[in-house]
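In what follows, a single structure is set out as structure tokens and then discussed.
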Amino acid sequence: MTREKEINKVTLVGSAGNVALLTFKFIAGIMGHSSAMIADAVHSLSDFVTDLVVLVFVSISAKPQDQSHDYGHGKFETIATFLIGLALVAAATGIVVPGVLKLMAWWGGETLEAPGWIALWAALLSIVVKEVLYQFTARKSRQLQSQVLMANAWHHRSDALSSIGAAVGIGGAIWLGNRWTVLDPLASIIVGVMLVKVAWDLLKSSIGELTESSLPDDMEKDIMEIIQSFADVQQPHNLRTRRIGNRIAIEAHVRMDGALPLNIVHERATAIEHKLKERFGDTTHVTLHMEPIK
């Protein structure tokens with residue numbers, strides 16, 4: 001099975017879970033009069049939307065390089081990660097604003113309706129299902145080296161965390177009585193803030209990639225050590241790195257004895273390229289500029 005089909009399979013499994021959960025959560029939130037559960041349902045709805053984004057953009061990013069995209073279409077996967085981050089921001093906004101309005105109403109003396117047991121059971125079910133989906137998706141993302149799958153995995157995890165917050169708020173509102181019904185909207189606000197944190201992490205990484213930020217220092221250090229591991233290579237410099245979707249690009253200038261035959265220099269450049277690909281993957285884009293030592 002191709003990488004694209006594997007990612008689609010994992011995403012479809014998550015989509016099925018999200019559709020079932022968001023339907024049950026909306027019903028439980030409405031029947032149980034729980035703003036925290038309705039907020040949690042909105043989060044699950046955003047999960048489903050991001051699943052659709054993943055399916056569309058991964059199919060595009062899997063296309064090979066062509067005349068209009070010399071480096072392939074990997075950045076489309078990064079765009080999908082960025083859109084998932086935006087979806088989380090939208091979901092967080094849709095959760096926090098109603099929660100704040102209810103909190104203000106309670107502060108003004110309004111009595112909030114206590115949530116029902118069905119809302120609590122929906123929250124507990126969501127915790128279990130979403131954590132299972134997180135573990136499954138995260139494991140597959142590591143196997144397939146897919147940034148967008150990992151982003152989607154964290155979307156599942158954030159939904160599980162939001163359900164924990166909802167369960168605490170709903171349970172507290174049920175067991176502690178009418179004086180503590182404010183815990184329900186308060187839990188929804190906390191859930192929204194947690195989503196903002198997850199969204200920021202996803203947006204920061206995807207924006208960095210889209211703006212051609214360099215690879216982390218430890219990866220660049222590994223690259224330089226690999227180049228310098230060849231005895232006849234000297235003074236590697238002008239290292240430039242970036243990420244292209246699920247693969248990386250490496251460019252560097254390397255100096256060798258100017259008296260060496262061209263075929264020897266070419267063989268050495270090829271050997272360096274192969275060793276870099278062994279370390280960072282066969283799809284790594286490597287460009288070496290060989291210079292004579294003067």
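Residues in the structure tokens are named by chain (A, B, ... in the order shown) and by number from 1 within that chain; ligands are numbered from 1 in the order shown.
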
Can you build me a table of segment 137-207 of chain A residues sitting at most 12 Å from segment 236-244 of chain A, with the closest atom pair per residue and its distance in Å to one decimal, using only C-alpha atoms, sorted by chain and residue number, as CSV?
residue,atom,partner,partner_atom,distance
A:Ser146,CA,A:Ile244,CA,11.4
A:Gln147,CA,A:Ile244,CA,10.6
A:Ser205,CA,A:Arg243,CA,10.6
A:Ser206,CA,A:Arg243,CA,10.1
A:Ile207,CA,A:Arg243,CA,11.4

Emit the selected residues as a PDB file, in the first residue's frame, including N, CA and C atoms.
ATOM      1  N   SER A 146       4.852  11.453   8.460  1.00  0.00           N
ATOM      2  CA  SER A 146       3.877  12.420   7.963  1.00  0.00           C
ATOM      3  C   SER A 146       3.585  13.485   9.017  1.00  0.00           C
ATOM      4  N   GLN A 147       3.979  14.724   8.720  1.00  0.00           N
ATOM      5  CA  GLN A 147       3.728  15.839   9.619  1.00  0.00           C
ATOM      6  C   GLN A 147       2.233  16.093   9.772  1.00  0.00           C
ATOM      7  N   SER A 205       4.971  25.748  13.533  1.00  0.00           N
ATOM      8  CA  SER A 205       5.803  24.832  12.754  1.00  0.00           C
ATOM      9  C   SER A 205       5.511  24.933  11.262  1.00  0.00           C
ATOM     10  N   SER A 206       4.232  25.049  10.894  1.00  0.00           N
ATOM     11  CA  SER A 206       3.887  25.114   9.469  1.00  0.00           C
ATOM     12  C   SER A 206       4.297  26.447   8.852  1.00  0.00           C
ATOM     13  N   ILE A 207       4.150  27.533   9.597  1.00  0.00           N
ATOM     14  CA  ILE A 207       4.580  28.836   9.087  1.00  0.00           C
ATOM     15  C   ILE A 207       6.092  28.848   8.905  1.00  0.00           C
TER      16      ILE A 207
END

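Restricting the calculation to only C-alpha atoms, the smallest distance between Asn152 of chain A and any of A:Ser188, A:Thr211, A:Asn263, A:Thr50 is found for A:Thr50.
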
For this session: Just the residues within 12 Å of Val148 of chain A, please, counting only C-alpha atoms, with nothing from its chain fewer than 2 positions along; format it as a PyMOL selection string.
Result: chain A and resi 4+7-8+10-11+50-51+53-58+61+74-85+137-138+140-142+144-146+150-155+202-203+205-206+245-246

Excluding segment 157-168 of chain A and any residue of its chain fewer than 6 positions from it, enumerate the residues within 10 Å of it, using only C-alpha atoms, and give them as a CSV table (one decimal) with all heavy atoms, in the first residue's frame.
chain,number,residue,atom,x,y,z
A,18,ASN,N,-15.0,10.4,14.4
A,18,ASN,CA,-15.4,11.8,14.6
A,18,ASN,C,-16.9,12.0,14.3
A,18,ASN,O,-17.6,12.7,15.1
A,18,ASN,CB,-14.5,12.8,13.8
A,18,ASN,CG,-13.1,13.0,14.3
A,18,ASN,OD1,-12.9,12.9,15.5
A,18,ASN,ND2,-12.2,13.2,13.4
A,34,SER,N,-25.8,21.1,28.4
A,34,SER,CA,-24.5,21.3,28.8
A,34,SER,C,-23.7,22.1,27.7
A,34,SER,O,-23.5,21.6,26.6
A,34,SER,CB,-23.7,19.9,29.0
A,34,SER,OG,-22.4,20.1,29.2
A,35,SER,N,-23.3,23.3,28.1
A,35,SER,CA,-22.5,24.1,27.2
A,35,SER,C,-21.1,23.5,27.0
A,35,SER,O,-20.5,23.6,25.9
A,35,SER,CB,-22.3,25.5,27.7
A,35,SER,OG,-21.7,25.6,29.0
A,36,ALA,N,-20.6,22.8,28.0
A,36,ALA,CA,-19.3,22.2,27.9
A,36,ALA,C,-19.3,21.0,26.8
A,36,ALA,O,-18.4,20.9,26.0
A,36,ALA,CB,-18.8,21.7,29.2
A,37,MET,N,-20.4,20.3,26.8
A,37,MET,CA,-20.5,19.2,25.9
A,37,MET,C,-20.8,19.7,24.5
A,37,MET,O,-20.3,19.1,23.5
A,37,MET,CB,-21.7,18.2,26.3
A,37,MET,CG,-21.8,17.0,25.4
A,37,MET,SD,-20.3,16.2,24.9
A,37,MET,CE,-19.6,15.9,26.5
A,38,ILE,N,-21.6,20.7,24.3
A,38,ILE,CA,-21.8,21.3,23.0
A,38,ILE,C,-20.4,21.9,22.5
A,38,ILE,O,-20.1,21.7,21.3
A,38,ILE,CB,-22.8,22.4,23.0
A,38,ILE,CG1,-24.2,21.8,23.3
A,38,ILE,CG2,-22.9,23.2,21.7
A,38,ILE,CD1,-25.3,22.8,23.5
A,39,ALA,N,-19.7,22.5,23.4
A,39,ALA,CA,-18.3,23.0,23.0
A,39,ALA,C,-17.4,21.8,22.5
A,39,ALA,O,-16.7,21.9,21.5
A,39,ALA,CB,-17.7,23.7,24.2
A,40,ASP,N,-17.5,20.7,23.3
A,40,ASP,CA,-16.8,19.5,22.9
A,40,ASP,C,-17.2,19.0,21.5
A,40,ASP,O,-16.4,18.5,20.8
A,40,ASP,CB,-16.9,18.4,24.0
A,40,ASP,CG,-15.7,17.6,24.1
A,40,ASP,OD1,-14.6,18.0,23.7
A,40,ASP,OD2,-15.8,16.5,24.7
A,41,ALA,N,-18.5,19.0,21.3
A,41,ALA,CA,-19.1,18.6,20.0
A,41,ALA,C,-18.5,19.5,18.8
A,41,ALA,O,-18.2,19.0,17.8
A,41,ALA,CB,-20.6,18.6,20.0
A,42,VAL,N,-18.4,20.8,19.1
A,42,VAL,CA,-17.9,21.7,18.1
A,42,VAL,C,-16.4,21.3,17.8
A,42,VAL,O,-16.0,21.3,16.6
A,42,VAL,CB,-17.9,23.1,18.6
A,42,VAL,CG1,-17.2,24.1,17.7
A,42,VAL,CG2,-19.4,23.6,18.7
A,43,HIS,N,-15.7,20.9,18.8
A,43,HIS,CA,-14.3,20.5,18.6
A,43,HIS,C,-14.3,19.2,17.7
A,43,HIS,O,-13.4,19.1,16.8
A,43,HIS,CB,-13.6,20.2,20.0
A,43,HIS,CG,-12.2,19.9,19.9
A,43,HIS,ND1,-11.4,19.5,20.9
A,43,HIS,CD2,-11.3,20.1,18.8
A,43,HIS,CE1,-10.2,19.4,20.6
A,43,HIS,NE2,-10.1,19.7,19.3
A,44,SER,N,-15.1,18.3,18.0
A,44,SER,CA,-15.2,17.1,17.2
A,44,SER,C,-15.6,17.4,15.7
A,44,SER,O,-15.1,16.8,14.8
A,44,SER,CB,-16.2,16.0,17.8
A,44,SER,OG,-15.7,15.5,19.0
A,46,SER,N,-14.8,20.2,14.2
A,46,SER,CA,-13.5,20.7,13.6
A,46,SER,C,-12.6,19.6,13.3
A,46,SER,O,-11.9,19.6,12.3
A,46,SER,CB,-12.9,21.7,14.5
A,46,SER,OG,-12.2,21.1,15.6
A,47,ASP,N,-12.6,18.5,14.1
A,47,ASP,CA,-11.8,17.3,13.8
A,47,ASP,C,-12.2,16.7,12.4
A,47,ASP,O,-11.4,16.3,11.6
A,47,ASP,CB,-11.9,16.2,14.8
A,47,ASP,CG,-11.0,16.5,16.0
A,47,ASP,OD1,-10.2,17.4,15.9
A,47,ASP,OD2,-11.1,15.7,17.0
A,88,LEU,N,-8.4,24.8,14.4
A,88,LEU,CA,-8.4,24.7,15.9
A,88,LEU,C,-8.6,26.1,16.5
A,88,LEU,O,-9.3,26.2,17.5
A,88,LEU,CB,-7.1,24.1,16.3
A,88,LEU,CG,-6.9,22.6,16.3
A,88,LEU,CD1,-5.5,22.2,16.7
A,88,LEU,CD2,-7.9,22.0,17.3
A,119,ALA,N,-24.8,14.0,29.3
A,119,ALA,CA,-23.6,14.8,28.9
A,119,ALA,C,-22.3,14.2,29.5
A,119,ALA,O,-21.3,14.2,28.8
A,119,ALA,CB,-23.8,16.2,29.3
A,120,LEU,N,-22.4,13.8,30.7
A,120,LEU,CA,-21.2,13.2,31.4
A,120,LEU,C,-20.8,11.9,30.7
A,120,LEU,O,-19.6,11.7,30.5
A,120,LEU,CB,-21.5,13.0,32.9
A,120,LEU,CG,-20.4,12.4,33.7
A,120,LEU,CD1,-19.1,13.3,33.6
A,120,LEU,CD2,-20.8,12.1,35.1
A,121,TRP,N,-21.8,11.0,30.4
A,121,TRP,CA,-21.4,9.8,29.7
A,121,TRP,C,-20.8,10.0,28.3
A,121,TRP,O,-19.9,9.3,27.9
A,121,TRP,CB,-22.7,8.9,29.6
A,121,TRP,CG,-23.1,8.2,30.9
A,121,TRP,CD1,-24.2,8.5,31.6
A,121,TRP,CD2,-22.3,7.3,31.7
A,121,TRP,NE1,-24.2,7.7,32.8
A,121,TRP,CE2,-23.0,7.0,32.9
A,121,TRP,CE3,-21.0,6.7,31.5
A,121,TRP,CZ2,-22.6,6.1,33.8
A,121,TRP,CZ3,-20.6,5.9,32.5
A,121,TRP,CH2,-21.3,5.6,33.6
A,122,ALA,N,-21.3,11.0,27.7
A,122,ALA,CA,-20.8,11.4,26.3
A,122,ALA,C,-19.3,11.8,26.5
A,122,ALA,O,-18.5,11.5,25.6
A,122,ALA,CB,-21.6,12.5,25.7
A,123,ALA,N,-19.0,12.6,27.5
A,123,ALA,CA,-17.6,13.1,27.7
A,123,ALA,C,-16.7,11.9,28.0
A,123,ALA,O,-15.6,11.8,27.5
A,123,ALA,CB,-17.6,14.1,28.9
A,124,LEU,N,-17.2,11.0,28.9
A,124,LEU,CA,-16.3,9.8,29.2
A,124,LEU,C,-16.1,8.9,28.0
A,124,LEU,O,-14.9,8.4,27.8
A,124,LEU,CB,-17.0,9.0,30.3
A,124,LEU,CG,-17.1,9.8,31.7
A,124,LEU,CD1,-17.9,8.9,32.7
A,124,LEU,CD2,-15.8,10.1,32.3
A,125,LEU,N,-17.1,8.7,27.2
A,125,LEU,CA,-16.9,7.9,26.0
A,125,LEU,C,-15.9,8.6,25.0
A,125,LEU,O,-15.1,7.9,24.4
A,125,LEU,CB,-18.3,7.7,25.3
A,125,LEU,CG,-18.3,7.0,24.0
A,125,LEU,CD1,-17.8,5.5,24.1
A,125,LEU,CD2,-19.6,7.0,23.3
A,126,SER,N,-16.0,9.9,24.9
A,126,SER,CA,-15.2,10.6,24.0
A,126,SER,C,-13.7,10.5,24.4
A,126,SER,O,-12.8,10.4,23.6
A,126,SER,CB,-15.6,12.1,24.0
A,126,SER,OG,-14.7,12.9,23.2
A,127,ILE,N,-13.4,10.6,25.7
A,127,ILE,CA,-12.1,10.5,26.2
A,127,ILE,C,-11.4,9.2,25.8
A,127,ILE,O,-10.3,9.1,25.3
A,127,ILE,CB,-12.0,10.5,27.8
A,127,ILE,CG1,-12.5,11.9,28.3
A,127,ILE,CG2,-10.7,10.2,28.3
A,127,ILE,CD1,-12.7,12.0,29.8
A,128,VAL,N,-12.2,8.1,25.9
A,128,VAL,CA,-11.7,6.7,25.5
A,128,VAL,C,-11.4,6.6,24.0
A,128,VAL,O,-10.4,6.3,23.5
A,128,VAL,CB,-12.6,5.6,26.0
A,128,VAL,CG1,-12.1,4.3,25.5
A,128,VAL,CG2,-12.7,5.6,27.5
A,129,VAL,N,-12.5,7.0,23.2
A,129,VAL,CA,-12.4,6.9,21.8
A,129,VAL,C,-11.3,7.7,21.2
A,129,VAL,O,-10.5,7.3,20.4
A,129,VAL,CB,-13.7,7.2,21.1
A,129,VAL,CG1,-13.6,7.2,19.6
A,129,VAL,CG2,-14.8,6.2,21.6
A,130,LYS,N,-11.2,9.0,21.6
A,130,LYS,CA,-10.2,9.9,21.1
A,130,LYS,C,-8.8,9.6,21.5
A,130,LYS,O,-7.9,9.8,20.7
A,130,LYS,CB,-10.6,11.4,21.5
A,130,LYS,CG,-11.9,11.9,20.9
A,130,LYS,CD,-11.9,11.8,19.4
A,130,LYS,CE,-11.4,13.0,18.7
A,130,LYS,NZ,-11.5,13.0,17.3
A,131,GLU,N,-8.6,9.1,22.6
A,131,GLU,CA,-7.2,8.7,23.0
A,131,GLU,C,-6.8,7.5,22.2
A,131,GLU,O,-5.6,7.4,21.8
A,131,GLU,CB,-7.2,8.3,24.5
A,131,GLU,CG,-5.8,7.9,25.0
A,131,GLU,CD,-4.8,9.0,24.8
A,131,GLU,OE1,-5.1,10.2,24.7
A,131,GLU,OE2,-3.5,8.7,24.8
A,132,VAL,N,-7.7,6.5,21.9
A,132,VAL,CA,-7.4,5.4,21.1
A,132,VAL,C,-7.0,5.9,19.7
A,132,VAL,O,-6.1,5.4,19.0
A,132,VAL,CB,-8.6,4.4,21.0
A,132,VAL,CG1,-8.3,3.4,19.9
A,132,VAL,CG2,-8.8,3.7,22.3
A,133,LEU,N,-7.8,6.8,19.1
A,133,LEU,CA,-7.5,7.4,17.8
A,133,LEU,C,-6.2,8.1,17.8
A,133,LEU,O,-5.5,8.1,16.8
A,133,LEU,CB,-8.7,8.3,17.4
A,133,LEU,CG,-10.0,7.7,17.0
A,133,LEU,CD1,-11.0,8.7,16.7
A,133,LEU,CD2,-9.8,6.8,15.7
A,134,TYR,N,-5.9,8.8,18.9
A,134,TYR,CA,-4.6,9.5,19.0
A,134,TYR,C,-3.4,8.5,18.9
A,134,TYR,O,-2.5,8.7,18.1
A,134,TYR,CB,-4.5,10.3,20.3
A,134,TYR,CG,-3.0,10.8,20.5
A,134,TYR,CD1,-2.5,11.8,19.9
A,134,TYR,CD2,-2.3,10.1,21.4
A,134,TYR,CE1,-1.2,12.2,20.1
A,134,TYR,CE2,-0.9,10.4,21.7
A,134,TYR,CZ,-0.4,11.5,21.0
A,134,TYR,OH,0.9,11.9,21.2
A,135,GLN,N,-3.5,7.5,19.7
A,135,GLN,CA,-2.4,6.5,19.7
A,135,GLN,C,-2.2,5.9,18.3
A,135,GLN,O,-1.1,5.7,17.9
A,135,GLN,CB,-2.7,5.4,20.8
A,135,GLN,CG,-2.7,6.0,22.2
A,135,GLN,CD,-1.4,6.4,22.7
A,135,GLN,OE1,-0.3,6.1,22.1
A,135,GLN,NE2,-1.3,7.2,23.8
A,137,THR,N,-3.2,7.1,15.3
A,137,THR,CA,-2.8,8.0,14.3
A,137,THR,C,-1.3,8.4,14.5
A,137,THR,O,-0.5,8.6,13.6
A,137,THR,CB,-3.7,9.3,14.3
A,137,THR,OG1,-5.0,8.8,14.2
A,137,THR,CG2,-3.3,10.2,13.1
A,138,ALA,N,-0.9,8.7,15.8
A,138,ALA,CA,0.5,9.1,16.1
A,138,ALA,C,1.4,8.0,15.7
A,138,ALA,O,2.5,8.2,15.1
A,138,ALA,CB,0.6,9.4,17.6
A,151,ALA,N,-0.1,16.1,13.1
A,151,ALA,CA,-1.0,17.2,13.4
A,151,ALA,C,-2.4,16.7,13.7
A,151,ALA,O,-3.1,17.2,14.7
A,151,ALA,CB,-1.0,18.3,12.3
A,174,ILE,N,-23.0,18.5,38.3
A,174,ILE,CA,-24.1,17.5,38.6
A,174,ILE,C,-24.0,17.2,40.1
A,174,ILE,O,-25.0,17.3,40.9
A,174,ILE,CB,-23.9,16.3,37.8
A,174,ILE,CG1,-24.3,16.5,36.3
A,174,ILE,CG2,-24.8,15.2,38.4
A,174,ILE,CD1,-24.0,15.4,35.4
A,183,LEU,N,-19.4,25.6,36.8
A,183,LEU,CA,-18.3,24.7,36.4
A,183,LEU,C,-18.4,24.3,34.9
A,183,LEU,O,-17.4,24.0,34.3
A,183,LEU,CB,-18.2,23.5,37.3
A,183,LEU,CG,-17.7,23.8,38.8
A,183,LEU,CD1,-17.7,22.5,39.6
A,183,LEU,CD2,-16.3,24.4,38.7
A,184,ASP,N,-19.7,24.1,34.5
A,184,ASP,CA,-19.9,23.6,33.1
A,184,ASP,C,-19.3,24.6,32.1
A,184,ASP,O,-18.5,24.3,31.2
A,184,ASP,CB,-21.4,23.4,32.9
A,184,ASP,CG,-21.6,22.8,31.5
A,184,ASP,OD1,-21.1,21.7,31.2
A,184,ASP,OD2,-22.4,23.4,30.8
A,185,PRO,N,-19.8,25.9,32.1
A,185,PRO,CA,-19.2,26.9,31.1
A,185,PRO,C,-17.7,27.2,31.4
A,185,PRO,O,-16.9,27.4,30.5
A,185,PRO,CB,-20.1,28.1,31.3
A,185,PRO,CG,-20.7,28.0,32.6
A,185,PRO,CD,-20.9,26.5,32.8
A,186,LEU,N,-17.3,27.1,32.7
A,186,LEU,CA,-15.9,27.3,33.0
A,186,LEU,C,-15.0,26.3,32.4
A,186,LEU,O,-13.9,26.5,31.9
A,186,LEU,CB,-15.7,27.3,34.5
A,186,LEU,CG,-14.4,27.8,35.1
A,186,LEU,CD1,-14.0,29.2,34.6
A,186,LEU,CD2,-14.3,27.6,36.6
A,187,ALA,N,-15.5,25.0,32.4
A,187,ALA,CA,-14.8,23.9,31.8
A,187,ALA,C,-14.7,24.2,30.3
A,187,ALA,O,-13.6,23.9,29.7
A,187,ALA,CB,-15.5,22.6,32.0
A,188,SER,N,-15.7,24.7,29.6
A,188,SER,CA,-15.7,24.9,28.2
A,188,SER,C,-14.6,26.0,27.9
A,188,SER,O,-13.9,25.9,26.8
A,188,SER,CB,-17.0,25.3,27.7
A,188,SER,OG,-17.4,26.6,28.1
A,189,ILE,N,-14.5,27.0,28.7
A,189,ILE,CA,-13.5,28.0,28.5
A,189,ILE,C,-12.0,27.4,28.6
A,189,ILE,O,-11.2,27.7,27.8
A,189,ILE,CB,-13.6,29.2,29.5
A,189,ILE,CG1,-15.0,29.9,29.3
A,189,ILE,CG2,-12.5,30.2,29.4
A,189,ILE,CD1,-15.3,30.9,30.4
A,190,ILE,N,-11.8,26.6,29.6
A,190,ILE,CA,-10.5,26.0,29.8
A,190,ILE,C,-10.2,25.1,28.6
A,190,ILE,O,-9.1,25.1,28.1
A,190,ILE,CB,-10.5,25.1,31.1
A,190,ILE,CG1,-10.6,26.0,32.3
A,190,ILE,CG2,-9.2,24.3,31.2
A,190,ILE,CD1,-10.8,25.3,33.6
A,191,VAL,N,-11.2,24.4,28.1
A,191,VAL,CA,-11.0,23.6,26.9
A,191,VAL,C,-10.6,24.4,25.7
A,191,VAL,O,-9.6,24.1,25.0
A,191,VAL,CB,-12.3,22.8,26.5
A,191,VAL,CG1,-12.2,22.2,25.1
A,191,VAL,CG2,-12.6,21.7,27.5
A,192,GLY,N,-11.2,25.6,25.5
A,192,GLY,CA,-10.9,26.5,24.4
A,192,GLY,C,-9.5,27.0,24.5
A,192,GLY,O,-8.7,27.1,23.5
A,193,VAL,N,-9.0,27.3,25.7
A,193,VAL,CA,-7.6,27.8,25.9
A,193,VAL,C,-6.6,26.7,25.6
A,193,VAL,O,-5.6,27.0,25.0
A,193,VAL,CB,-7.5,28.3,27.4
A,193,VAL,CG1,-6.0,28.6,27.7
A,193,VAL,CG2,-8.3,29.5,27.7
A,194,MET,N,-6.9,25.5,26.0
A,194,MET,CA,-6.1,24.4,25.6
A,194,MET,C,-6.0,24.2,24.1
A,194,MET,O,-4.9,23.9,23.6
A,194,MET,CB,-6.6,23.1,26.2
A,194,MET,CG,-6.5,23.0,27.7
A,194,MET,SD,-7.5,21.7,28.5
A,194,MET,CE,-6.8,20.3,27.6
A,195,LEU,N,-7.0,24.4,23.4
A,195,LEU,CA,-7.0,24.3,21.9
A,195,LEU,C,-6.2,25.4,21.3
A,195,LEU,O,-5.5,25.1,20.3
A,195,LEU,CB,-8.5,24.4,21.4
A,195,LEU,CG,-9.4,23.2,21.6
A,195,LEU,CD1,-10.7,23.5,20.9
A,195,LEU,CD2,-8.8,22.0,21.0
A,197,LYS,N,-3.5,26.7,22.5
A,197,LYS,CA,-2.1,26.2,22.7
A,197,LYS,C,-1.7,25.2,21.6
A,197,LYS,O,-0.6,25.4,21.0
A,197,LYS,CB,-1.9,25.6,24.1
A,197,LYS,CG,-0.5,25.0,24.3
A,197,LYS,CD,0.6,25.9,24.1
A,197,LYS,CE,2.0,25.4,24.6
A,197,LYS,NZ,2.4,24.2,23.8
A,198,VAL,N,-2.5,24.2,21.4
A,198,VAL,CA,-2.3,23.2,20.4
A,198,VAL,C,-2.2,23.9,19.0
A,198,VAL,O,-1.3,23.6,18.2
A,198,VAL,CB,-3.3,22.1,20.4
A,198,VAL,CG1,-3.1,21.1,19.2
A,198,VAL,CG2,-3.3,21.4,21.7
A,199,ALA,N,-3.2,24.8,18.7
A,199,ALA,CA,-3.2,25.5,17.4
A,199,ALA,C,-2.0,26.3,17.2
A,199,ALA,O,-1.4,26.3,16.1
A,199,ALA,CB,-4.4,26.4,17.4

Pairwise distance, atom CA of Val96 of chain A with atom CA of Lys204 of chain A, equals 21.6 Å

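The shortest atom-to-atom distance to Arg279 of chain A, with only C-alpha atoms taken into account, belongs to A:Ile227 out of A:Ala87, A:Leu176, A:Met104, A:Ile227.
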
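Of the residues under consideration (A:Glu6, A:Glu273, A:Glu291, A:Asp201), A:Glu291 shows the shortest atom-to-atom contact distance to Arg255 of chain A when counting only C-alpha atoms.
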
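With atom CA of Leu103 of chain A on one side and atom CA of Val182 of chain A on the other, the separation reads 6.7 Å.
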
Open item on the list: Going by DSSP on the backbone, which residues of segment 80-254 of chain A come out as strand (DSSP E or B)? List them as a VMD selection string.
Closed with: chain A and resid 234 to 244 247 to 254

Got a sec to tell me which of segment 93-256 of chain A DSSP assigns to alpha helix (DSSP H), as a VMD selection string? chain A and resid 93 to 107 117 to 144 147 to 175 183 to 210 217 to 228

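Closest approach to Thr284 of chain A from the set A:Glu251, A:Asp222, A:Asp257, A:Glu267 is made by A:Glu251, with distances taken over only C-alpha atoms.
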